[in-house]
Amino acid sequence: MSATSRVLELTSPPPLARELLRAAVARRPSRPGEVPRLEVKLRHFSPDPVQLARYREVCGFPADGYLPLPFPQVLAAPLHIALLNHPDFPYRLLGMIHVRNRIHQHRRLAEGTALSVHTWVEGQREVRQGRELDLHTHVEVEGTPVWSALTTMLRRLPNADARPREPKPANTSAATEEDTLFANSRPASWTVPEDTGRRYAKASGDYNPIHLYALTARFFGFPRAIVHGMWTVGRCVAEMGEAAEAPALTLTSEFRRPLLLPSRVVFQTAPKKDGAVAYRVRAEDGQPHLHGELTPGA
């Protein structure tokens with residue numbers, strides 16, 4: 001595999017710990033740069049049953065013979081990081097923020113199924129905080145598309161927020177609409193233990209220091225460790241039970257605020273007129289962490 005090739009063909013997933021180490025020592029410019037199309041392809045590999053068992057345990061999924069809806073995102077994570085570590089990618093991986101995720105599942109995947117995964121990144125767009133870009137993931141079984149995801153990342157840039165701005169008014173109409181939607185929802189309180197980041201890291205391979213200990217998170221500006229965003233998504237999907245076990249589903253997730261560890265949070269769901277189920281996770285004081293929808297069909 002050529003280090004300068006923009007299409008990387010792999011026979012096995014790259015070790016995530018190695019990729020994170022490469023990201024930690026990488027030196028990239030902080031100014032905006034061109035994001036070319038970069039691709040990684042991995043063919044015919046089966047999920048590790050030990051990793052799957054750990055993922056189910058930390059997120060709360062039953063061992064029902066199928067891959068949980070968000071699990072292929074975990075499988076694709078080493079490929080995503082290999083993309084963002086590519087010599088032609090202009091930004092450092094550490095410091096990039098996962099802001100949104102959209103998953104399409106065409107049918108449920110039996111555990112042990114041989115999967116082929118194709119991921120790519122291309123282009124970027126300017127936002128107030130810096131630059132956003134999308135990671136695309138397509139999963140196939142014997143040439144048939146079965147699962148896909150769009151992962152949106154944010155790279156903050158120096159002076160991106162430096163220009164003068166008027167104070168942003170509260171979007172009271174949107175807040176009122178959301179609160180009305182969840183008004184009749186029975187909230188469920190969750191305690192998220194201090195070691196959740198380390199347990200999820202063991203299941204996912206993502207040992208980013210912001211998720212592990214308060215001490216390591218402080219180096220990146222957090223007062224305590226923060227939980228992985230995809231742990232929160234997985235925990236929500238597990239809590240939705242049968243609604244998340246349909247063959248074809250679309251799952252959208254918007255990450256609003258980091259969830260510090262340990263924490264107590266409130267989980268809610270609400271049916272929508274189009275058949276979707278809205279869900280959210282908030283702190284006990286009402287601060288939002290995650291909002292999304294689970295919709296039948298893909």
# chains A, B, ... in the order shown; residues from 1 in each chain; ligands from 1
$ residues_around --residues "region 215-223 of chain A" --least-positions-apart "5" --cutoff "8 Å" --atoms "only C-alpha atoms" --output "VMD selection string"
chain A and resid 95 209 to 210
$ residues_around --residues "region 71-85 of chain A" --least-positions-apart "6" --cutoff "7 Å" --atoms "only C-alpha atoms" --output "ChimeraX atom specification"
/A:13-16,19,23,38-40,93,119,204
$ atom_distance --atom1 "CA of Glu57 (chain A)" --atom2 "CA of Thr11 (chain A)"
28.1 Å
$ select_by_dssp --residues "region 14-98 of chain A" --states "helix (DSSP H, G or I)" --output "VMD selection string"
chain A and resid 16 to 25 49 to 59 71 to 84
$ atom_distance --atom1 "CA of Glu245 (chain A)" --atom2 "CA of Ala114 (chain A)"
20.3 Å
$ closest_residue --among "A:Ser148, A:Thr295, A:Ser46, A:Thr191" --to "Gln105 (chain A)" --atoms "only C-alpha atoms"
A:Ser148
$ atom_distance --atom1 "CA of Leu259 (chain A)" --atom2 "CA of Val121 (chain A)"
26.9 Å
$ residues_around --residues "His118 (chain A)" --least-positions-apart "5" --cutoff "6 Å" --atoms "only C-alpha atoms" --output "ChimeraX atom specification"
/A:40-41,137-138
$ select_by_dssp --residues "region 131-272 of chain A" --states "strand (DSSP E)" --output "PyMOL selection string"
chain A and resi 131-141+144-156+188-192+249-255+263-271
$ closest_residue --among "A:Arg43, A:His104, A:Lys202, A:Arg92" --to "Gly297 (chain A)" --atoms "only C-alpha atoms"
A:His104
$ closest_residue --among "A:Ala17, A:Leu133, A:Val7, A:Val35" --to "Val99 (chain A)" --atoms "only C-alpha atoms"
A:Leu133
$ residues_around --residues "Glu132 (chain A)" --least-positions-apart "5" --cutoff "9 Å" --atoms "only C-alpha atoms" --output "count of residues only"
11
$ residues_around --residues "Pro62 (chain A)" --least-positions-apart "4" --cutoff "10 Å" --atoms "only C-alpha atoms" --output "number ranges by chain"
A: 53, 56-57, 66-68, 238, 241
$ write_last_selection --atoms "N, CA, C and O atoms" --output "PDB file, in the first residue's frame"
ATOM      1  N   ALA A  53     -19.365  -8.703  22.013  1.00  0.00           N
ATOM      2  CA  ALA A  53     -19.894  -8.962  23.356  1.00  0.00           C
ATOM      3  C   ALA A  53     -19.620  -7.788  24.287  1.00  0.00           C
ATOM      4  O   ALA A  53     -20.478  -7.405  25.101  1.00  0.00           O
ATOM      5  N   ARG A  56     -22.040  -4.937  23.337  1.00  0.00           N
ATOM      6  CA  ARG A  56     -23.387  -5.189  23.847  1.00  0.00           C
ATOM      7  C   ARG A  56     -23.473  -4.907  25.349  1.00  0.00           C
ATOM      8  O   ARG A  56     -24.440  -4.314  25.830  1.00  0.00           O
ATOM      9  N   GLU A  57     -22.454  -5.335  26.086  1.00  0.00           N
ATOM     10  CA  GLU A  57     -22.491  -5.198  27.543  1.00  0.00           C
ATOM     11  C   GLU A  57     -22.460  -3.727  27.965  1.00  0.00           C
ATOM     12  O   GLU A  57     -23.243  -3.301  28.811  1.00  0.00           O
ATOM     13  N   TYR A  66     -27.841 -10.766  16.141  1.00  0.00           N
ATOM     14  CA  TYR A  66     -27.689  -9.741  15.127  1.00  0.00           C
ATOM     15  C   TYR A  66     -26.765  -8.624  15.616  1.00  0.00           C
ATOM     16  O   TYR A  66     -26.618  -8.409  16.832  1.00  0.00           O
ATOM     17  N   LEU A  67     -26.175  -7.897  14.664  1.00  0.00           N
ATOM     18  CA  LEU A  67     -25.374  -6.748  15.031  1.00  0.00           C
ATOM     19  C   LEU A  67     -26.297  -5.600  15.437  1.00  0.00           C
ATOM     20  O   LEU A  67     -27.253  -5.285  14.714  1.00  0.00           O
ATOM     21  N   PRO A  68     -26.051  -4.946  16.569  1.00  0.00           N
ATOM     22  CA  PRO A  68     -26.836  -3.756  16.913  1.00  0.00           C
ATOM     23  C   PRO A  68     -26.727  -2.694  15.818  1.00  0.00           C
ATOM     24  O   PRO A  68     -25.693  -2.579  15.136  1.00  0.00           O
ATOM     25  N   ALA A 238     -30.277   0.932  22.320  1.00  0.00           N
ATOM     26  CA  ALA A 238     -30.557  -0.246  23.142  1.00  0.00           C
ATOM     27  C   ALA A 238     -31.805  -0.034  23.984  1.00  0.00           C
ATOM     28  O   ALA A 238     -32.626  -0.945  24.154  1.00  0.00           O
ATOM     29  N   GLY A 241     -35.333  -0.666  22.376  1.00  0.00           N
ATOM     30  CA  GLY A 241     -35.820  -2.035  22.275  1.00  0.00           C
ATOM     31  C   GLY A 241     -36.314  -2.424  20.901  1.00  0.00           C
ATOM     32  O   GLY A 241     -35.619  -2.271  19.900  1.00  0.00           O
TER      33      GLY A 241
END
$ closest_residue --among "A:Ser189, A:Thr113, A:Thr196, A:Asn208" --to "Arg18 (chain A)" --atoms "only C-alpha atoms"
A:Asn208
$ closest_atom_pairs --of "region 180-272 of chain A" --to "region 278-285 of chain A" --cutoff "7 Å" --atoms "only C-alpha atoms" --output "JSON lines"
{"residue": "A:Arg264", "atom": "CA", "partner": "A:Glu284", "partner_atom": "CA", "distance": 6.6}
{"residue": "A:Val265", "atom": "CA", "partner": "A:Ala283", "partner_atom": "CA", "distance": 4.5}
{"residue": "A:Val266", "atom": "CA", "partner": "A:Arg282", "partner_atom": "CA", "distance": 5.3}
{"residue": "A:Phe267", "atom": "CA", "partner": "A:Val281", "partner_atom": "CA", "distance": 4.6}
{"residue": "A:Gln268", "atom": "CA", "partner": "A:Arg280", "partner_atom": "CA", "distance": 5.5}
{"residue": "A:Thr269", "atom": "CA", "partner": "A:Tyr279", "partner_atom": "CA", "distance": 4.3}
{"residue": "A:Ala270", "atom": "CA", "partner": "A:Ala278", "partner_atom": "CA", "distance": 5.1}
{"residue": "A:Pro271", "atom": "CA", "partner": "A:Ala278", "partner_atom": "CA", "distance": 6.2}
{"residue": "A:Lys272", "atom": "CA", "partner": "A:Ala278", "partner_atom": "CA", "distance": 6.9}
$ closest_atom_pairs --of "region 88-142 of chain A" --to "region 231-236 of chain A" --cutoff "12 Å" --atoms "only C-alpha atoms" --output "JSON lines"
{"residue": "A:Arg100", "atom": "CA", "partner": "A:Val233", "partner_atom": "CA", "distance": 10.9}
{"residue": "A:Asn101", "atom": "CA", "partner": "A:Val233", "partner_atom": "CA", "distance": 9.5}
{"residue": "A:Arg102", "atom": "CA", "partner": "A:Val233", "partner_atom": "CA", "distance": 10.9}
{"residue": "A:Ile103", "atom": "CA", "partner": "A:Val233", "partner_atom": "CA", "distance": 11.0}
$ closest_residue --among "A:His98, A:His136, A:Arg128, A:Arg22" --to "Arg37 (chain A)" --atoms "only C-alpha atoms"
A:His136
$ closest_residue --among "A:Lys273, A:Arg256, A:Arg28, A:Arg199" --to "Pro87 (chain A)" --atoms "only C-alpha atoms"
A:Arg28
$ decode --residues "region 56-183 of chain A" --atoms "C-alpha atoms" --output "PDB file, in the first residue's frame"
ATOM      1  CA  ARG A  56     -23.387  -5.189  23.847  1.00  0.00           C
ATOM      2  CA  GLU A  57     -22.491  -5.198  27.543  1.00  0.00           C
ATOM      3  CA  VAL A  58     -21.442  -1.534  27.790  1.00  0.00           C
ATOM      4  CA  CYS A  59     -24.386  -0.236  25.722  1.00  0.00           C
ATOM      5  CA  GLY A  60     -27.074  -2.613  26.987  1.00  0.00           C
ATOM      6  CA  PHE A  61     -27.905  -4.646  23.868  1.00  0.00           C
ATOM      7  CA  PRO A  62     -29.137  -8.246  24.127  1.00  0.00           C
ATOM      8  CA  ALA A  63     -27.237 -11.126  22.520  1.00  0.00           C
ATOM      9  CA  ASP A  64     -29.905 -11.839  19.882  1.00  0.00           C
ATOM     10  CA  GLY A  65     -27.733 -13.068  17.006  1.00  0.00           C
ATOM     11  CA  TYR A  66     -27.689  -9.741  15.127  1.00  0.00           C
ATOM     12  CA  LEU A  67     -25.374  -6.748  15.031  1.00  0.00           C
ATOM     13  CA  PRO A  68     -26.836  -3.756  16.913  1.00  0.00           C
ATOM     14  CA  LEU A  69     -27.854  -0.945  14.572  1.00  0.00           C
ATOM     15  CA  PRO A  70     -24.894   1.387  15.406  1.00  0.00           C
ATOM     16  CA  PHE A  71     -22.238  -1.357  15.657  1.00  0.00           C
ATOM     17  CA  PRO A  72     -20.933  -1.107  12.059  1.00  0.00           C
ATOM     18  CA  GLN A  73     -19.920   2.467  12.938  1.00  0.00           C
ATOM     19  CA  VAL A  74     -17.579   0.973  15.549  1.00  0.00           C
ATOM     20  CA  LEU A  75     -16.173  -1.414  12.939  1.00  0.00           C
ATOM     21  CA  ALA A  76     -15.568   1.478  10.548  1.00  0.00           C
ATOM     22  CA  ALA A  77     -13.856   3.719  13.126  1.00  0.00           C
ATOM     23  CA  PRO A  78     -10.306   2.425  12.418  1.00  0.00           C
ATOM     24  CA  LEU A  79     -10.885   3.106   8.723  1.00  0.00           C
ATOM     25  CA  HIS A  80     -12.124   6.625   9.475  1.00  0.00           C
ATOM     26  CA  ILE A  81      -9.039   7.378  11.524  1.00  0.00           C
ATOM     27  CA  ALA A  82      -6.773   5.912   8.850  1.00  0.00           C
ATOM     28  CA  LEU A  83      -8.397   8.355   6.416  1.00  0.00           C
ATOM     29  CA  LEU A  84      -7.863  11.316   8.730  1.00  0.00           C
ATOM     30  CA  ASN A  85      -4.243  10.244   9.301  1.00  0.00           C
ATOM     31  CA  HIS A  86      -3.550  10.190   5.558  1.00  0.00           C
ATOM     32  CA  PRO A  87      -0.615  12.450   4.544  1.00  0.00           C
ATOM     33  CA  ASP A  88      -2.912  14.386   2.199  1.00  0.00           C
ATOM     34  CA  PHE A  89      -5.496  15.170   4.887  1.00  0.00           C
ATOM     35  CA  PRO A  90      -4.796  18.762   5.970  1.00  0.00           C
ATOM     36  CA  TYR A  91      -5.830  18.758   9.649  1.00  0.00           C
ATOM     37  CA  ARG A  92      -4.795  16.999  12.832  1.00  0.00           C
ATOM     38  CA  LEU A  93      -7.225  14.330  13.955  1.00  0.00           C
ATOM     39  CA  LEU A  94      -6.994  15.248  17.642  1.00  0.00           C
ATOM     40  CA  GLY A  95      -9.299  18.182  18.197  1.00  0.00           C
ATOM     41  CA  MET A  96     -11.821  17.206  15.516  1.00  0.00           C
ATOM     42  CA  ILE A  97     -15.375  17.033  16.864  1.00  0.00           C
ATOM     43  CA  HIS A  98     -18.128  14.592  15.885  1.00  0.00           C
ATOM     44  CA  VAL A  99     -21.219  16.807  15.495  1.00  0.00           C
ATOM     45  CA  ARG A 100     -23.795  14.715  13.591  1.00  0.00           C
ATOM     46  CA  ASN A 101     -24.389  11.150  12.442  1.00  0.00           C
ATOM     47  CA  ARG A 102     -26.886   9.528  10.078  1.00  0.00           C
ATOM     48  CA  ILE A 103     -27.213   5.754   9.700  1.00  0.00           C
ATOM     49  CA  HIS A 104     -29.251   3.794   7.135  1.00  0.00           C
ATOM     50  CA  GLN A 105     -29.790   0.073   7.686  1.00  0.00           C
ATOM     51  CA  HIS A 106     -31.360  -1.849   4.792  1.00  0.00           C
ATOM     52  CA  ARG A 107     -31.636  -5.131   6.688  1.00  0.00           C
ATOM     53  CA  ARG A 108     -30.430  -6.594   9.964  1.00  0.00           C
ATOM     54  CA  LEU A 109     -26.973  -8.147   9.873  1.00  0.00           C
ATOM     55  CA  ALA A 110     -26.430 -11.538  11.460  1.00  0.00           C
ATOM     56  CA  GLU A 111     -23.367 -11.701  13.670  1.00  0.00           C
ATOM     57  CA  GLY A 112     -20.510 -13.495  11.930  1.00  0.00           C
ATOM     58  CA  THR A 113     -21.498 -12.185   8.497  1.00  0.00           C
ATOM     59  CA  ALA A 114     -18.530 -11.340   6.245  1.00  0.00           C
ATOM     60  CA  LEU A 115     -18.674  -7.618   5.487  1.00  0.00           C
ATOM     61  CA  SER A 116     -16.996  -5.340   2.958  1.00  0.00           C
ATOM     62  CA  VAL A 117     -16.577  -1.713   4.022  1.00  0.00           C
ATOM     63  CA  HIS A 118     -15.832   1.296   1.841  1.00  0.00           C
ATOM     64  CA  THR A 119     -15.216   4.667   3.514  1.00  0.00           C
ATOM     65  CA  TRP A 120     -14.231   7.986   2.004  1.00  0.00           C
ATOM     66  CA  VAL A 121     -13.884  11.665   2.821  1.00  0.00           C
ATOM     67  CA  GLU A 122     -14.005  14.562   0.424  1.00  0.00           C
ATOM     68  CA  GLY A 123     -14.717  18.280   0.431  1.00  0.00           C
ATOM     69  CA  GLN A 124     -15.502  20.615   3.270  1.00  0.00           C
ATOM     70  CA  ARG A 125     -17.727  23.577   4.028  1.00  0.00           C
ATOM     71  CA  GLU A 126     -17.242  26.673   6.099  1.00  0.00           C
ATOM     72  CA  VAL A 127     -19.277  27.084   9.278  1.00  0.00           C
ATOM     73  CA  ARG A 128     -19.073  29.679  12.010  1.00  0.00           C
ATOM     74  CA  GLN A 129     -16.799  27.527  14.191  1.00  0.00           C
ATOM     75  CA  GLY A 130     -14.418  26.439  11.420  1.00  0.00           C
ATOM     76  CA  ARG A 131     -14.777  23.706   8.766  1.00  0.00           C
ATOM     77  CA  GLU A 132     -17.152  20.745   8.543  1.00  0.00           C
ATOM     78  CA  LEU A 133     -16.516  17.629   6.469  1.00  0.00           C
ATOM     79  CA  ASP A 134     -18.300  14.325   5.944  1.00  0.00           C
ATOM     80  CA  LEU A 135     -17.057  10.771   6.300  1.00  0.00           C
ATOM     81  CA  HIS A 136     -19.070   8.354   4.152  1.00  0.00           C
ATOM     82  CA  THR A 137     -19.322   4.658   5.033  1.00  0.00           C
ATOM     83  CA  HIS A 138     -20.924   1.936   2.891  1.00  0.00           C
ATOM     84  CA  VAL A 139     -21.178  -1.694   4.025  1.00  0.00           C
ATOM     85  CA  GLU A 140     -21.941  -4.547   1.634  1.00  0.00           C
ATOM     86  CA  VAL A 141     -22.559  -8.272   1.954  1.00  0.00           C
ATOM     87  CA  GLU A 142     -21.657 -10.212  -1.203  1.00  0.00           C
ATOM     88  CA  GLY A 143     -21.977  -7.043  -3.279  1.00  0.00           C
ATOM     89  CA  THR A 144     -25.354  -5.985  -1.843  1.00  0.00           C
ATOM     90  CA  PRO A 145     -25.553  -2.686   0.113  1.00  0.00           C
ATOM     91  CA  VAL A 146     -26.829  -3.366   3.630  1.00  0.00           C
ATOM     92  CA  TRP A 147     -25.775  -0.395   5.797  1.00  0.00           C
ATOM     93  CA  SER A 148     -24.430   3.127   5.356  1.00  0.00           C
ATOM     94  CA  ALA A 149     -23.564   6.152   7.458  1.00  0.00           C
ATOM     95  CA  LEU A 150     -22.740   9.818   7.077  1.00  0.00           C
ATOM     96  CA  THR A 151     -20.473  11.086   9.869  1.00  0.00           C
ATOM     97  CA  THR A 152     -20.044  14.855  10.095  1.00  0.00           C
ATOM     98  CA  MET A 153     -16.904  16.204  11.746  1.00  0.00           C
ATOM     99  CA  LEU A 154     -15.991  19.762  12.759  1.00  0.00           C
ATOM    100  CA  ARG A 155     -12.486  21.171  12.756  1.00  0.00           C
ATOM    101  CA  ARG A 156     -12.264  24.363  14.762  1.00  0.00           C
ATOM    102  CA  LEU A 157      -9.773  26.829  13.333  1.00  0.00           C
ATOM    103  CA  PRO A 158      -7.940  29.780  14.887  1.00  0.00           C
ATOM    104  CA  ASN A 159      -9.943  33.007  14.673  1.00  0.00           C
ATOM    105  CA  ALA A 160     -12.997  31.169  13.332  1.00  0.00           C
ATOM    106  CA  ASP A 161     -15.089  32.754  16.083  1.00  0.00           C
ATOM    107  CA  ALA A 162     -13.002  35.915  16.396  1.00  0.00           C
ATOM    108  CA  ARG A 163     -15.137  38.162  14.169  1.00  0.00           C
ATOM    109  CA  PRO A 164     -17.624  40.347  16.090  1.00  0.00           C
ATOM    110  CA  ARG A 165     -21.094  38.900  16.390  1.00  0.00           C
ATOM    111  CA  GLU A 166     -24.326  39.944  17.963  1.00  0.00           C
ATOM    112  CA  PRO A 167     -25.411  37.664  20.832  1.00  0.00           C
ATOM    113  CA  LYS A 168     -27.273  34.715  19.358  1.00  0.00           C
ATOM    114  CA  PRO A 169     -30.939  34.917  20.342  1.00  0.00           C
ATOM    115  CA  ALA A 170     -32.495  31.874  21.937  1.00  0.00           C
ATOM    116  CA  ASN A 171     -34.457  29.823  19.423  1.00  0.00           C
ATOM    117  CA  THR A 172     -37.523  29.791  21.598  1.00  0.00           C
ATOM    118  CA  SER A 173     -39.861  28.473  18.894  1.00  0.00           C
ATOM    119  CA  ALA A 174     -37.653  25.417  18.249  1.00  0.00           C
ATOM    120  CA  ALA A 175     -37.205  24.820  21.979  1.00  0.00           C
ATOM    121  CA  THR A 176     -40.951  25.099  22.553  1.00  0.00           C
ATOM    122  CA  GLU A 177     -41.690  22.695  19.679  1.00  0.00           C
ATOM    123  CA  GLU A 178     -39.231  20.137  21.050  1.00  0.00           C
ATOM    124  CA  ASP A 179     -40.531  20.449  24.610  1.00  0.00           C
ATOM    125  CA  THR A 180     -44.100  20.063  23.350  1.00  0.00           C
ATOM    126  CA  LEU A 181     -43.116  16.898  21.480  1.00  0.00           C
ATOM    127  CA  PHE A 182     -41.645  15.362  24.635  1.00  0.00           C
ATOM    128  CA  ALA A 183     -44.272  16.770  27.024  1.00  0.00           C
TER     129      ALA A 183
END
